[in-house]
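Participant: Can you keep this structure in mind? I'll have questions shortly.
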Amino acid sequence: RSHDDKAEAERQTRTIEDVFGDCLEGGSASSAESFRILHDFHFATAHRRSLATMHIRRGRYAICSTGGETVESLQVLFAKFGKPGRRGSPTYIFLRTSAADVDALLLMFAAAAMHPVKVLLLRAPDDPDAFVAISDKCRQRGDRQLAYSLTAALAALPAAAVVNSQLLIAADEELADSSPADFESILRDKMVGCIKLTQEDSRLMDDSSVKAWQLWLRQQSLRQLVRIGDYGTGIRLDGKQHQPAQSK
């Protein structure tokens, strides 16, 4: 009994960095530690609201994750490129946050809480099945309240990010055939004050052509746009001076 009490006392005194390191090695966060991670994340990133801005210095780079992360995939990612906050490590941008499993989500929230300048979590494309999976996993852990807190935190993540005032990154559920006006309308529903209103420009309505997207980028004073779609539609890069590129 005394051994169990001592172990519990040690868990209660662990820092977020301690919890991050243990979870990355296959350990787990207690319920109290999980809520502390979300609490610290909220206060470290509350200034971002619905739009995140990020500056990456010349000579540095960012890694954008477009998959549903697991603890194992994060182990591989950080082993290859460096743990967040380490000298020389890149900026990490996670795009499909709601598709991660619960333990990986807590790792990502912890990393962003400790290093908000180096780790950015964005709101994923709407995926009700992902939230059901999170709820089911938390229920299996006997922590239903954690499911409510995780899904609320995911829903409150920034809807888009502007990098170096030139690149916009956002989800686009209609990636396959959306026009600039369609994309803008959906994005404006998720946030306030990100982009200029262009719905009145007939050239940008019902037109998903390369020229329409290049025109929209010029109007927004952006160089490039990255949109991540629903599963199966992949991710697309548009630029005002190059042809689009898309992968699945």
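Residue numbering restarts at 1 in every chain; chains get A, B, ... in the order shown in the structure tokens, and ligands count up from 1 in that same order.
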Using only C-alpha atoms, I'd like a table of the residues in region 101-191 of chain A that come within 6 Å of region 86-97 of chain A; for each, show the closest atom pair and its distance in Å rounded to one decimal, ordered by chain and ascending number, as a tab-separated table.
Facilitator:
```
residue	atom	partner	partner_atom	distance
A:Lys118	CA	A:Thr91	CA	4.6
A:Val119	CA	A:Tyr92	CA	4.8
A:Leu120	CA	A:Ile93	CA	4.7
A:Leu121	CA	A:Phe94	CA	5.0
A:Leu122	CA	A:Leu95	CA	5.4
A:Ala124	CA	A:Arg96	CA	4.8
```
Participant: If we count only C-alpha atoms and set the cut-off at 8 Å, which residues sit around Gln214 (chain A), ignoring sequence neighbours fewer than 4 positions away in its own chain? Please answer as a count of residues only.
Facilitator: 6
Participant: Residues near Thr66 (chain A), anyone? I mean within 12 Å using only C-alpha atoms, not counting same-chain ones fewer than 5 positions away, as a PyMOL selection string.
Facilitator: chain A and resi 73+92-100+121-125+169-171+226-236+247-248
Participant: Using DSSP on the backbone coordinates, identify the residues of region 104-201 of chain A assigned to alpha helix (DSSP H); present them as an MDAnalysis selection string.
Facilitator: chainID A and resid 104:114 128:140 144:155 180:190
Participant: Figure out the distance between CA of His115 (chain A) and CA of Cys64 (chain A), please, to one decimal in Å.
Facilitator: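 Separation of CA of Cys64 (chain A) and CA of His115 (chain A): 16.0 Å.
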